[in-house]
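Text of protein_26.txt (compact mmCIF, C-alpha atoms and all ligand atoms) as supplied:
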# COMPACT_ATOMS: atom_id res chain seq x y z
CA VAL A 1 36.47 -9.38 -20.67
CA LEU A 2 36.11 -11.37 -17.46
CA TYR A 3 37.64 -14.69 -18.45
CA LEU A 4 36.16 -17.66 -16.56
CA ASP A 5 36.74 -20.36 -19.16
CA TYR A 6 40.10 -21.80 -18.11
CA ASN A 7 39.03 -25.36 -18.95
CA ALA A 8 38.75 -24.35 -22.60
CA SER A 9 42.20 -22.78 -22.67
CA THR A 10 44.49 -20.85 -20.37
CA PRO A 11 46.48 -17.68 -20.98
CA VAL A 12 50.19 -18.33 -21.49
CA ASP A 13 52.09 -17.74 -18.25
CA PRO A 14 54.65 -14.91 -18.77
CA ARG A 15 57.40 -17.23 -17.48
CA VAL A 16 56.46 -19.72 -20.19
CA GLN A 17 56.31 -16.99 -22.79
CA ALA A 18 59.89 -15.98 -21.95
CA VAL A 19 61.08 -19.54 -22.57
CA VAL A 20 59.18 -19.79 -25.88
CA MET A 21 60.56 -16.47 -27.12
CA ASP A 22 64.08 -17.42 -26.16
CA ALA A 23 63.85 -20.76 -27.96
CA LEU A 24 62.20 -19.12 -30.96
CA SER A 25 64.97 -16.59 -31.36
CA ARG A 26 67.92 -18.85 -30.55
CA THR A 27 67.11 -22.47 -31.33
CA PHE A 28 66.24 -23.01 -34.97
CA GLY A 29 67.99 -26.31 -35.61
CA ASN A 30 66.28 -29.57 -36.43
CA PRO A 31 66.40 -31.77 -33.32
CA SER A 32 67.07 -34.79 -35.53
CA SER A 33 70.25 -33.16 -36.95
CA VAL A 34 72.37 -34.52 -34.17
CA GLN A 35 75.53 -34.50 -36.30
CA HIS A 36 76.11 -30.82 -35.56
CA LEU A 37 75.88 -28.40 -32.66
CA VAL A 38 72.88 -26.47 -33.96
CA GLY A 39 70.80 -29.64 -34.14
CA GLN A 40 72.16 -30.87 -30.83
CA GLU A 41 71.10 -27.68 -29.09
CA ALA A 42 67.57 -28.11 -30.43
CA ALA A 43 67.55 -31.74 -29.33
CA GLU A 44 68.66 -30.72 -25.85
CA ARG A 45 65.77 -28.27 -25.58
CA VAL A 46 63.31 -31.01 -26.58
CA GLU A 47 64.84 -33.47 -24.09
CA GLU A 48 64.69 -30.95 -21.27
CA ALA A 49 60.99 -30.40 -22.03
CA ARG A 50 60.44 -34.15 -22.16
CA ALA A 51 61.83 -34.57 -18.64
CA GLN A 52 59.71 -31.68 -17.32
CA VAL A 53 56.51 -33.06 -18.89
CA ALA A 54 57.23 -36.60 -17.66
CA ALA A 55 57.80 -35.39 -14.10
CA LEU A 56 54.31 -33.87 -13.92
CA VAL A 57 52.76 -37.36 -13.93
CA GLY A 58 55.59 -39.26 -12.26
CA ALA A 59 56.92 -40.78 -15.51
CA ARG A 60 60.35 -41.02 -17.13
CA ALA A 61 61.45 -38.76 -19.97
CA SER A 62 61.85 -41.79 -22.23
CA GLU A 63 58.13 -42.53 -21.80
CA VAL A 64 56.91 -39.28 -23.40
CA VAL A 65 55.71 -38.98 -27.00
CA PHE A 66 55.19 -35.35 -27.99
CA THR A 67 52.14 -34.54 -30.13
CA SER A 68 50.26 -31.42 -31.22
CA GLY A 69 47.83 -31.62 -28.30
CA ALA A 70 45.66 -33.94 -26.25
CA SER A 71 43.33 -34.79 -29.14
CA GLU A 72 46.19 -36.12 -31.21
CA ALA A 73 47.74 -37.99 -28.28
CA LEU A 74 44.41 -39.64 -27.45
CA THR A 75 43.80 -40.60 -31.08
CA LEU A 76 47.27 -42.14 -31.44
CA ALA A 77 46.68 -44.13 -28.27
CA VAL A 78 43.20 -45.38 -29.11
CA LEU A 79 44.06 -46.40 -32.66
CA GLY A 80 47.49 -47.66 -31.67
CA VAL A 81 46.12 -50.06 -29.06
CA ALA A 82 42.96 -51.07 -30.92
CA LEU A 83 44.82 -52.00 -34.10
CA ALA A 84 47.47 -53.98 -32.23
CA ASP A 85 45.44 -57.01 -31.19
CA PRO A 86 42.85 -58.46 -33.61
CA ALA A 87 41.55 -60.75 -30.86
CA ARG A 88 40.47 -57.70 -28.83
CA PRO A 89 38.73 -55.40 -31.32
CA ASP A 90 36.40 -53.58 -28.88
CA VAL A 91 37.07 -50.31 -27.07
CA ALA A 92 35.36 -49.45 -23.76
CA VAL A 93 34.95 -45.74 -23.07
CA SER A 94 33.15 -43.82 -20.38
CA ALA A 95 30.07 -42.05 -21.73
CA ILE A 96 31.49 -38.68 -20.65
CA GLU A 97 34.87 -38.85 -22.38
CA HIS A 98 35.96 -35.91 -24.49
CA LYS A 99 34.91 -36.14 -28.14
CA ALA A 100 38.55 -36.76 -29.07
CA VAL A 101 38.30 -40.14 -27.32
CA LEU A 102 34.77 -40.95 -28.44
CA THR A 103 35.44 -40.25 -32.11
CA ALA A 104 38.77 -42.12 -32.04
CA ALA A 105 37.02 -45.11 -30.46
CA GLU A 106 34.36 -45.07 -33.18
CA LEU A 107 37.04 -44.92 -35.86
CA ALA A 108 38.98 -47.72 -34.19
CA ALA A 109 35.87 -49.91 -34.07
CA ARG A 110 35.24 -49.26 -37.76
CA LEU A 111 38.79 -50.27 -38.59
CA THR A 112 38.87 -53.38 -36.40
CA GLY A 113 35.30 -54.51 -37.02
CA GLY A 114 34.74 -54.32 -33.26
CA ARG A 115 32.39 -52.13 -31.28
CA VAL A 116 32.44 -49.29 -28.79
CA ARG A 117 31.19 -50.17 -25.29
CA LEU A 118 29.93 -47.20 -23.30
CA LEU A 119 30.54 -47.17 -19.55
CA PRO A 120 27.53 -45.34 -18.06
CA VAL A 121 27.73 -42.63 -15.40
CA THR A 122 25.50 -41.93 -12.41
CA SER A 123 23.38 -38.79 -12.12
CA ASP A 124 26.31 -37.33 -10.16
CA GLY A 125 28.52 -37.58 -13.23
CA VAL A 126 30.75 -40.38 -11.94
CA VAL A 127 31.44 -43.58 -13.89
CA ASP A 128 29.06 -46.17 -12.45
CA LEU A 129 31.35 -48.84 -11.02
CA ASP A 130 28.46 -51.26 -10.59
CA ARG A 131 28.04 -51.33 -14.34
CA VAL A 132 31.68 -51.44 -15.46
CA ALA A 133 32.03 -55.21 -15.14
CA ASP A 134 29.18 -55.84 -17.64
CA GLN A 135 30.99 -53.86 -20.31
CA ILE A 136 34.59 -55.04 -20.02
CA ASP A 137 35.39 -58.57 -21.12
CA GLY A 138 38.05 -60.44 -23.08
CA ARG A 139 37.15 -58.73 -26.39
CA VAL A 140 38.05 -55.30 -25.01
CA GLY A 141 41.62 -54.30 -25.87
CA LEU A 142 41.43 -50.77 -24.50
CA THR A 143 39.46 -49.08 -21.73
CA CYS A 144 39.36 -45.26 -21.57
CA VAL A 145 38.42 -43.33 -18.46
CA MET A 146 39.20 -39.67 -17.90
CA PHE A 147 40.73 -38.22 -14.73
CA ALA A 148 38.30 -35.30 -14.37
CA ASN A 149 35.50 -34.33 -16.68
CA ASN A 150 36.04 -31.09 -18.57
CA GLU A 151 32.40 -29.94 -18.34
CA THR A 152 31.53 -30.79 -14.73
CA GLY A 153 34.98 -31.12 -13.15
CA VAL A 154 33.88 -34.38 -11.52
CA LEU A 155 36.77 -36.69 -10.59
CA GLN A 156 36.45 -40.24 -11.89
CA PRO A 157 37.23 -43.57 -10.16
CA VAL A 158 40.17 -44.24 -12.48
CA ARG A 159 41.99 -46.69 -10.23
CA GLU A 160 38.92 -48.88 -9.76
CA VAL A 161 38.12 -48.96 -13.48
CA ALA A 162 41.78 -49.60 -14.31
CA ASP A 163 42.03 -52.50 -11.88
CA ARG A 164 38.95 -54.13 -13.35
CA ALA A 165 40.17 -53.60 -16.93
CA ALA A 166 43.70 -54.80 -16.21
CA SER A 167 42.41 -57.94 -14.49
CA ILE A 168 41.04 -59.11 -17.81
CA GLY A 169 43.97 -57.97 -19.90
CA SER A 170 42.64 -54.68 -21.30
CA ARG A 171 45.02 -51.77 -21.57
CA VAL A 172 43.90 -48.55 -19.90
CA LEU A 173 44.13 -44.99 -21.21
CA CYS A 174 43.43 -42.03 -18.93
CA ASP A 175 42.82 -38.55 -20.35
CA VAL A 176 44.37 -36.37 -17.65
CA THR A 177 43.98 -33.11 -19.60
CA GLN A 178 41.80 -31.54 -16.91
CA GLY A 179 43.69 -33.13 -14.02
CA VAL A 180 47.27 -31.96 -14.42
CA GLY A 181 47.97 -28.72 -12.61
CA LYS A 182 44.69 -29.04 -10.69
CA ALA A 183 45.20 -32.25 -8.72
CA LYS A 184 48.10 -34.62 -8.10
CA VAL A 185 48.32 -36.99 -11.07
CA SER A 186 50.55 -40.04 -10.75
CA MET A 187 50.47 -42.73 -13.41
CA GLU A 188 51.53 -45.28 -10.87
CA ASP A 189 48.78 -44.40 -8.41
CA LEU A 190 46.20 -44.41 -11.18
CA GLY A 191 47.36 -47.85 -12.34
CA VAL A 192 46.95 -46.97 -16.04
CA ASP A 193 49.08 -47.81 -19.07
CA LEU A 194 48.78 -44.53 -20.92
CA VAL A 195 47.93 -40.91 -20.13
CA ALA A 196 47.50 -37.91 -22.40
CA PHE A 197 47.34 -34.17 -21.81
CA SER A 198 47.79 -30.80 -23.40
CA SER A 199 49.99 -27.73 -23.02
CA HIS A 200 47.34 -25.06 -23.53
CA LYS A 201 45.33 -26.11 -20.47
CA ILE A 202 48.32 -25.56 -18.16
CA TYR A 203 49.39 -22.05 -19.21
CA GLY A 204 51.59 -23.32 -22.06
CA PRO A 205 51.33 -22.51 -25.77
CA LYS A 206 48.79 -24.20 -28.04
CA GLY A 207 50.04 -26.89 -30.39
CA ALA A 208 51.71 -29.24 -27.92
CA GLY A 209 50.58 -32.28 -26.00
CA ALA A 210 51.91 -35.60 -24.78
CA LEU A 211 51.10 -39.28 -24.82
CA ILE A 212 52.91 -41.06 -21.99
CA GLY A 213 53.32 -44.77 -21.36
CA SER A 214 55.93 -47.31 -20.41
CA ARG A 215 58.44 -48.20 -23.11
CA GLN A 216 56.88 -51.62 -23.35
CA THR A 217 53.40 -50.17 -23.82
CA LEU A 218 54.57 -47.63 -26.38
CA SER A 219 56.43 -50.23 -28.39
CA SER A 220 53.30 -52.40 -28.55
CA LEU A 221 51.25 -49.65 -30.25
CA VAL A 222 50.61 -49.72 -33.98
CA SER A 223 52.01 -46.50 -35.35
CA VAL A 224 49.42 -44.62 -37.35
CA PHE A 225 51.70 -41.62 -37.89
CA PRO A 226 55.23 -42.93 -38.42
CA GLY A 227 56.62 -40.11 -40.59
CA GLY A 228 60.40 -39.92 -40.32
CA GLY A 229 60.52 -41.95 -37.12
CA GLN A 230 60.61 -39.11 -34.58
CA GLU A 231 58.95 -39.65 -31.17
CA ARG A 232 59.70 -43.38 -31.11
CA GLY A 233 58.12 -43.72 -34.55
CA LEU A 234 54.69 -42.94 -33.10
CA ARG A 235 54.45 -39.32 -34.18
CA GLY A 236 56.72 -38.50 -37.06
CA GLY A 237 57.58 -34.95 -38.12
CA THR A 238 60.13 -32.37 -37.02
CA GLN A 239 59.35 -31.27 -33.47
CA ASP A 240 58.24 -27.68 -32.82
CA VAL A 241 61.08 -26.83 -30.46
CA PRO A 242 59.92 -23.45 -29.03
CA THR A 243 56.40 -24.74 -28.39
CA LEU A 244 57.71 -27.86 -26.69
CA ALA A 245 60.17 -25.80 -24.61
CA GLY A 246 57.17 -23.75 -23.45
CA PHE A 247 55.15 -26.90 -22.71
CA GLY A 248 58.05 -28.16 -20.59
CA LYS A 249 58.23 -24.93 -18.60
CA ALA A 250 54.45 -24.92 -18.16
CA ALA A 251 54.60 -28.48 -16.82
CA GLU A 252 57.37 -27.56 -14.38
CA LEU A 253 55.32 -24.61 -13.10
CA ALA A 254 52.14 -26.71 -12.90
CA ALA A 255 53.90 -29.10 -10.53
CA ALA A 256 55.55 -26.36 -8.46
CA GLU A 257 52.38 -24.29 -8.10
CA LEU A 258 49.79 -27.05 -7.86
CA ASP A 259 48.93 -26.57 -4.20
CA ASN A 260 48.59 -22.78 -4.44
CA ASP A 261 46.72 -22.84 -7.75
CA ALA A 262 44.25 -25.48 -6.57
CA ALA A 263 43.59 -23.83 -3.21
CA ALA A 264 43.08 -20.36 -4.69
CA ALA A 265 40.80 -21.69 -7.44
CA GLY A 266 38.75 -23.61 -4.89
CA ARG A 267 38.23 -20.53 -2.72
CA ARG A 268 37.09 -18.50 -5.72
CA ILE A 269 34.69 -21.12 -7.04
CA ASP A 270 33.19 -21.62 -3.54
CA ARG A 271 32.71 -17.87 -3.23
CA LEU A 272 31.02 -17.70 -6.62
CA ILE A 273 28.69 -20.60 -5.82
CA SER A 274 27.70 -19.20 -2.46
CA ILE A 275 26.90 -15.73 -3.87
CA VAL A 276 24.96 -17.08 -6.86
CA GLN A 277 22.98 -19.56 -4.78
CA GLY A 278 22.40 -16.90 -2.12
CA SER A 279 21.06 -14.43 -4.69
CA LEU A 280 19.01 -16.67 -6.98
CA ALA A 281 16.58 -19.51 -6.39
CA ASP A 282 16.89 -22.80 -8.30
CA ILE A 283 20.58 -22.89 -9.12
CA ARG A 284 21.73 -26.51 -9.18
CA ILE A 285 25.23 -27.91 -9.37
CA ASN A 286 25.65 -30.60 -12.01
CA GLY A 287 27.85 -33.35 -10.64
CA ARG A 288 27.79 -33.49 -6.89
CA GLY A 289 30.72 -35.92 -6.73
CA ARG A 290 34.23 -34.74 -5.84
CA ARG A 291 35.39 -32.14 -8.34
CA ILE A 292 38.59 -30.47 -9.42
CA SER A 293 38.52 -27.23 -7.47
CA ASN A 294 38.51 -24.77 -10.37
CA THR A 295 35.30 -25.89 -12.10
CA VAL A 296 31.58 -25.72 -11.52
CA ASN A 297 28.72 -26.52 -13.89
CA LEU A 298 25.50 -24.76 -12.94
CA ARG A 299 21.96 -25.39 -14.07
CA LEU A 300 20.14 -22.07 -14.13
CA VAL A 301 16.64 -23.47 -13.91
CA GLY A 302 14.24 -21.56 -16.15
CA ALA A 303 16.96 -19.59 -17.98
CA ASP A 304 18.38 -20.59 -21.36
CA ALA A 305 22.17 -20.65 -21.03
CA GLU A 306 22.83 -19.15 -24.49
CA ALA A 307 20.47 -16.28 -23.66
CA VAL A 308 22.25 -15.72 -20.33
CA MET A 309 25.61 -15.61 -22.08
CA ALA A 310 24.29 -13.21 -24.72
CA SER A 311 23.04 -11.01 -21.91
CA MET A 312 26.54 -10.70 -20.37
CA PRO A 313 28.84 -10.65 -23.42
CA HIS A 314 31.88 -9.46 -21.46
CA VAL A 315 31.81 -12.54 -19.20
CA ALA A 316 33.50 -15.51 -20.87
CA VAL A 317 32.04 -18.80 -19.64
CA SER A 318 30.89 -21.77 -21.66
CA THR A 319 27.95 -24.00 -22.45
CA GLY A 320 29.06 -27.50 -23.38
CA SER A 321 32.77 -27.82 -24.09
CA ALA A 322 34.46 -25.24 -26.27
CA CYS A 323 36.00 -27.85 -28.50
CA GLN A 324 32.52 -28.86 -29.57
CA SER A 325 30.59 -25.65 -29.30
CA ALA A 326 30.88 -24.84 -33.02
CA VAL A 327 28.58 -27.82 -33.48
CA PRO A 328 25.07 -27.13 -32.18
CA THR A 329 24.61 -30.35 -30.24
CA VAL A 330 23.54 -30.65 -26.65
CA SER A 331 26.19 -31.74 -24.13
CA HIS A 332 26.66 -35.52 -24.23
CA VAL A 333 28.08 -35.29 -20.72
CA LEU A 334 25.00 -33.74 -19.17
CA THR A 335 22.61 -36.02 -21.07
CA ALA A 336 24.66 -39.07 -19.98
CA MET A 337 24.00 -37.88 -16.41
CA GLY A 338 20.26 -38.02 -17.10
CA LEU A 339 19.47 -34.39 -17.89
CA SER A 340 16.95 -33.83 -20.64
CA ARG A 341 17.94 -31.78 -23.67
CA ALA A 342 15.96 -28.82 -22.29
CA ASP A 343 17.64 -29.12 -18.86
CA ALA A 344 21.07 -29.29 -20.47
CA GLU A 345 20.35 -26.08 -22.40
CA GLU A 346 20.08 -24.27 -19.05
CA CYS A 347 23.63 -25.14 -17.98
CA ILE A 348 26.84 -23.16 -17.95
CA ARG A 349 30.37 -24.14 -17.05
CA ILE A 350 32.51 -21.73 -15.06
CA SER A 351 36.21 -22.48 -14.72
CA VAL A 352 38.82 -20.27 -13.07
CA GLY A 353 42.59 -20.39 -12.93
CA ARG A 354 45.95 -18.95 -11.93
CA PHE A 355 45.21 -15.39 -13.02
CA THR A 356 41.61 -15.09 -11.80
CA THR A 357 41.19 -12.36 -9.16
CA ASP A 358 38.62 -11.89 -6.40
CA ALA A 359 37.50 -8.66 -8.08
CA GLU A 360 36.79 -10.60 -11.30
CA ILE A 361 34.78 -13.17 -9.39
CA ASP A 362 32.72 -10.47 -7.68
CA GLN A 363 32.02 -8.61 -10.92
CA ALA A 364 31.25 -11.77 -12.92
CA THR A 365 29.00 -13.09 -10.18
CA SER A 366 26.96 -9.93 -10.02
CA ASP A 367 26.70 -9.84 -13.84
CA LEU A 368 25.61 -13.48 -13.89
CA VAL A 369 22.94 -12.91 -11.24
CA ALA A 370 21.59 -9.91 -13.20
CA ALA A 371 21.66 -11.81 -16.52
CA VAL A 372 19.83 -14.85 -15.12
CA SER A 373 17.20 -12.58 -13.53
CA ARG A 374 16.65 -10.76 -16.85
CA VAL A 375 16.35 -13.96 -18.86
CA ARG A 376 14.01 -15.54 -16.33
CA ALA A 377 11.81 -12.43 -16.31
CA LEU A 378 11.66 -12.42 -20.13
CA SER A 379 10.83 -16.13 -20.32
CA ALA A 380 8.08 -15.74 -17.70
CA ALA A 381 6.55 -12.76 -19.54
C1 LIG B 401 39.32 -33.57 -21.13
C2 LIG B 401 39.88 -33.08 -22.44
N1 LIG B 401 40.47 -33.93 -23.27
C3 LIG B 401 40.99 -33.54 -24.44
C4 LIG B 401 40.90 -32.24 -24.86
C5 LIG B 401 41.49 -31.84 -26.20
O1 LIG B 401 42.69 -31.14 -26.00
P1 LIG B 401 43.47 -30.41 -27.19
O2 LIG B 401 42.79 -29.09 -27.36
O3 LIG B 401 44.87 -30.27 -26.69
O4 LIG B 401 43.40 -31.27 -28.39
C6 LIG B 401 40.28 -31.30 -24.04
C7 LIG B 401 40.09 -29.90 -24.50
O5 LIG B 401 39.05 -29.33 -24.30
C8 LIG B 401 39.76 -31.74 -22.79
O6 LIG B 401 39.17 -30.88 -21.95

Show the structure stored in the file as structure tokens.
Amino acid sequence: VLYLDYNASTPVDPRVQAVVMDALSRTFGNPSSVQHLVGQEAAERVEEARAQVAALVGARASEVVFTSGASEALTLAVLGVALADPARPDVAVSAIEHKAVLTAAELAARLTGGRVRLLPVTSDGVVDLDRVADQIDGRVGLTCVMFANNETGVLQPVREVADRAASIGSRVLCDVTQGVGKAKVSMEDLGVDLVAFSSHKIYGPKGAGALIGSRQTLSSLVSVFPGGGQERGLRGGTQDVPTLAGFGKAAELAAAELDNDAAAAGRRIDRLISIVQGSLADIRINGRGRRISNTVNLRLVGADAEAVMASMPHVAVSTGSACQSAVPTVSHVLTAMGLSRADAEECIRISVGRFTTDAEIDQATSDLVAAVSRVRALSAA
């Protein structure tokens, strides 16, 4: 299989795998059992991972809450902020947020009696700053804007949205799941209160993620998952030490290899785009704004994307985002950008990563060109 779906999930880096296996075989204690050495060793592993994960976004270890992934971190943040202040029951979200944010915002609004305000995007897939001010006012307790969109890769004007939101007292949550490891992500530069991301998008194991915010912000959240008080009482339950150790290592590598990974991915995506556009007419890029370098979303005009994928089963790309693709709905991201349902059904997302080779790009590109030509010929017949 030629795997070009790194935004859905990444393979585990062998260096991460070694750390997970080591922790799995040696560290079985409960990190809360700090009365004895076995528990202390487990706690040390978790704290080391916490520092590594914090460093990836310029935060302190004490600001990290470990979760099972980005979806859980985002949900804890949205509900935690929305339930904290009855005078600000509304949640503002960009129209292209991941479903984890959109569904949490809908749930929050149901629980608070408030409403969800959608921040529209331009046809280039960027949050429309001219229309942000209309949507954020004193009833909005939380504003959510993602760092880079998972389907188009388009980078969002987080700082500008955050400044506007903060100026009227709204907290700001940024989903950086598709940013970390692909671009420099600094909480301070973004000017946001909370960020969330996931291990399995940065070559770590599945089942780990983080919600990060200042101690003051974290202590203001309503805990919807208190359990036994672990993770500052925001996400109770015994921590999965080997998985978190792997997440920590993955975060350390993501920081160390950012420049190389991003440059190599950019070269490969540029090569793919130039060959596909050179070989086929009517191939459009969705989202012409600045993108993370590893991603491109292509509209294959006149060719149904599902049919193209079925015609090249050994090439793994995606239509819509993988987390939603079990549900047969058209991409809310592409329709928010103004594409019709039929246009959106002609789109595929290609995302590369650390282990993608030039040979894979060449083979996948030639298979894609052949598949689109076949599907177009069949549809024209
Ligand atoms: C932008 C974004 N946010 C959140 C998620 C959810 O992450 P997880 O699978 O860790 O719950 C994803 C996964 O596709 C994503 O791309």

List as a ChimeraX atom specification the protein and nucleic acid residues lying within 6 Å of ligand LIG 401 (chain B), with only C-alpha atoms and all ligand atoms counted. /A:8,69-71,98,149-150,175,177-178,198,323

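Those DNA, RNA and protein residues that approach the point (45.5, -48.0, -7.6) to within 6 Å, considering all atoms listed in the file, are Arg159, Asp189, Leu190 and Gly191 of chain A.
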
How would the residues just picked look written out with C-alpha atoms as a PDB file, in the coordinates of the input?
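Just written: selection.pdb:
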ATOM      1  CA  ARG A 159      41.990 -46.690 -10.230  1.00  0.00           C
ATOM      2  CA  ASP A 189      48.780 -44.400  -8.410  1.00  0.00           C
ATOM      3  CA  LEU A 190      46.200 -44.410 -11.180  1.00  0.00           C
ATOM      4  CA  GLY A 191      47.360 -47.850 -12.340  1.00  0.00           C
TER       5      GLY A 191
END

Taking (42.6, -54.8, -31.1) in the file's coordinates as the center, which residues reach within 9 Å of it, counting only C-alpha atoms, put as a PDB file with C-alpha atoms, keeping the file's coordinate frame?
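Result file follows (selection.pdb):
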ATOM      1  CA  LEU A  79      44.060 -46.400 -32.660  1.00  0.00           C
ATOM      2  CA  GLY A  80      47.490 -47.660 -31.670  1.00  0.00           C
ATOM      3  CA  VAL A  81      46.120 -50.060 -29.060  1.00  0.00           C
ATOM      4  CA  ALA A  82      42.960 -51.070 -30.920  1.00  0.00           C
ATOM      5  CA  LEU A  83      44.820 -52.000 -34.100  1.00  0.00           C
ATOM      6  CA  ALA A  84      47.470 -53.980 -32.230  1.00  0.00           C
ATOM      7  CA  ASP A  85      45.440 -57.010 -31.190  1.00  0.00           C
ATOM      8  CA  PRO A  86      42.850 -58.460 -33.610  1.00  0.00           C
ATOM      9  CA  ALA A  87      41.550 -60.750 -30.860  1.00  0.00           C
ATOM     10  CA  ARG A  88      40.470 -57.700 -28.830  1.00  0.00           C
ATOM     11  CA  PRO A  89      38.730 -55.400 -31.320  1.00  0.00           C
ATOM     12  CA  ASP A  90      36.400 -53.580 -28.880  1.00  0.00           C
ATOM     13  CA  VAL A  91      37.070 -50.310 -27.070  1.00  0.00           C
ATOM     14  CA  ALA A 108      38.980 -47.720 -34.190  1.00  0.00           C
ATOM     15  CA  ALA A 109      35.870 -49.910 -34.070  1.00  0.00           C
ATOM     16  CA  THR A 112      38.870 -53.380 -36.400  1.00  0.00           C
ATOM     17  CA  GLY A 114      34.740 -54.320 -33.260  1.00  0.00           C
ATOM     18  CA  ARG A 139      37.150 -58.730 -26.390  1.00  0.00           C
ATOM     19  CA  VAL A 140      38.050 -55.300 -25.010  1.00  0.00           C
ATOM     20  CA  GLY A 141      41.620 -54.300 -25.870  1.00  0.00           C
ATOM     21  CA  LEU A 142      41.430 -50.770 -24.500  1.00  0.00           C
TER      22      LEU A 142
END

Have a look at A:Val352, A:Leu244, A:Val46, A:Ile136 and name the one nearest to Gly266 of chain A; count only C-alpha atoms. A:Val352

To one decimal in Å, tell me the separation between atom CA of Ala105 of chain A and atom CA of Val333 of chain A. 16.5 Å

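Shortest separation to Asp193 of chain A among A:Asn30, A:Ile96, A:Gly246, A:Ala77 occurs at residue A:Ala77, atoms counted being only C-alpha atoms.
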
Pick from A:Ser373, A:Asn260, A:Ser9, A:Thr243, whichever lies nearest to Gly207 of chain A using only C-alpha atoms: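 For Gly207 of chain A, the nearest of the given residues is A:Thr243.
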
With segment 347-351 of chain A as the partner and 10 Å as the cut-off, tabulate the residues of segment 263-314 of chain A that qualify, each row holding the nearest pair of atoms and their distance in Å to one decimal, using only C-alpha atoms, sorted by chain and rising number, as JSON lines.
{"residue": "A:Ala265", "atom": "CA", "partner": "A:Ser351", "partner_atom": "CA", "distance": 8.6}
{"residue": "A:Arg268", "atom": "CA", "partner": "A:Ser351", "partner_atom": "CA", "distance": 9.9}
{"residue": "A:Ile269", "atom": "CA", "partner": "A:Ser351", "partner_atom": "CA", "distance": 7.9}
{"residue": "A:Leu272", "atom": "CA", "partner": "A:Ile350", "partner_atom": "CA", "distance": 9.5}
{"residue": "A:Ile283", "atom": "CA", "partner": "A:Cys347", "partner_atom": "CA", "distance": 9.6}
{"residue": "A:Arg284", "atom": "CA", "partner": "A:Cys347", "partner_atom": "CA", "distance": 9.1}
{"residue": "A:Ile285", "atom": "CA", "partner": "A:Cys347", "partner_atom": "CA", "distance": 9.2}
{"residue": "A:Asn286", "atom": "CA", "partner": "A:Cys347", "partner_atom": "CA", "distance": 8.3}
{"residue": "A:Ile292", "atom": "CA", "partner": "A:Ser351", "partner_atom": "CA", "distance": 9.9}
{"residue": "A:Ser293", "atom": "CA", "partner": "A:Ser351", "partner_atom": "CA", "distance": 9.0}
{"residue": "A:Asn294", "atom": "CA", "partner": "A:Ser351", "partner_atom": "CA", "distance": 5.4}
{"residue": "A:Thr295", "atom": "CA", "partner": "A:Ser351", "partner_atom": "CA", "distance": 4.4}
{"residue": "A:Val296", "atom": "CA", "partner": "A:Ile350", "partner_atom": "CA", "distance": 5.4}
{"residue": "A:Asn297", "atom": "CA", "partner": "A:Arg349", "partner_atom": "CA", "distance": 4.3}
{"residue": "A:Leu298", "atom": "CA", "partner": "A:Cys347", "partner_atom": "CA", "distance": 5.4}
{"residue": "A:Arg299", "atom": "CA", "partner": "A:Cys347", "partner_atom": "CA", "distance": 4.3}
{"residue": "A:Leu300", "atom": "CA", "partner": "A:Cys347", "partner_atom": "CA", "distance": 6.0}
{"residue": "A:Val301", "atom": "CA", "partner": "A:Cys347", "partner_atom": "CA", "distance": 8.3}
{"residue": "A:Ala303", "atom": "CA", "partner": "A:Cys347", "partner_atom": "CA", "distance": 8.7}
{"residue": "A:Asp304", "atom": "CA", "partner": "A:Cys347", "partner_atom": "CA", "distance": 7.7}
{"residue": "A:Ala305", "atom": "CA", "partner": "A:Cys347", "partner_atom": "CA", "distance": 5.6}
{"residue": "A:Glu306", "atom": "CA", "partner": "A:Ile348", "partner_atom": "CA", "distance": 8.7}
{"residue": "A:Val308", "atom": "CA", "partner": "A:Ile348", "partner_atom": "CA", "distance": 9.1}
{"residue": "A:Met309", "atom": "CA", "partner": "A:Ile348", "partner_atom": "CA", "distance": 8.7}

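Atom CA of Asp124 of chain A to atom CA of Met337 of chain A spans 6.7 Å [interatomic distance, one decimal].
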
Distance atom CA of Val12 of chain A-atom CA of Ala250 of chain A, one decimal place? 8.5 Å

Adding 6 Å on each side of the box along x, y and z that holds all listed atoms of segment 304-321 of chain A, could you give its centre and edge lengths in Å to one decimal, as JSON?
{"center_x": 25.9, "center_y": -18.6, "center_z": -22.0, "size_x": 27.1, "size_y": 30.4, "size_z": 17.5}

Need to verify the contact set: Ser366 of chain A, 10 Å, all atoms listed in the file, exclusion of same-chain residues closer than 3 positions in sequence. Can you return it as a count of residues only? 11

Nearest to Lys182 of chain A by atom-to-atom distance, counting only C-alpha atoms, from A:Val224, A:Leu118, A:Ala254, A:Val34: A:Ala254

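Near Arg15 of chain A, within 10 Å and counting only C-alpha atoms, sit Val12, Asp13, Gln17, Ala18, Val19, Val20, Tyr203, Gly204, Gly246, Lys249, Ala250 and Leu253 of chain A; same-chain residues fewer than 2 positions away were not included.
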
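Counting only C-alpha atoms, the residue from A:Ala263, A:Leu280, A:Val57, A:Ala49 that sits nearest to Glu188 of chain A is A:Val57.
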
In terms of the shortest atom-to-atom distance over all atoms listed in the file, which of A:Ser170, A:Ser123, A:Thr27, A:Thr356 is closest to Val241 of chain A? A:Thr27

Tell me, as an MDAnalysis selection string, which residues lie within 10 Å of Ser33 of chain A, counting only C-alpha atoms; anything in the same chain fewer than 5 positions away does not count. chainID A and resid 38:43

With a distance cut-off of 7 Å and all atoms listed in the file, select the neighbouring residues of Glu63 of chain A, excluding the residue or stretch itself and same-chain residues fewer than 5 positions from it, and output the selection as a count of residues only. 4
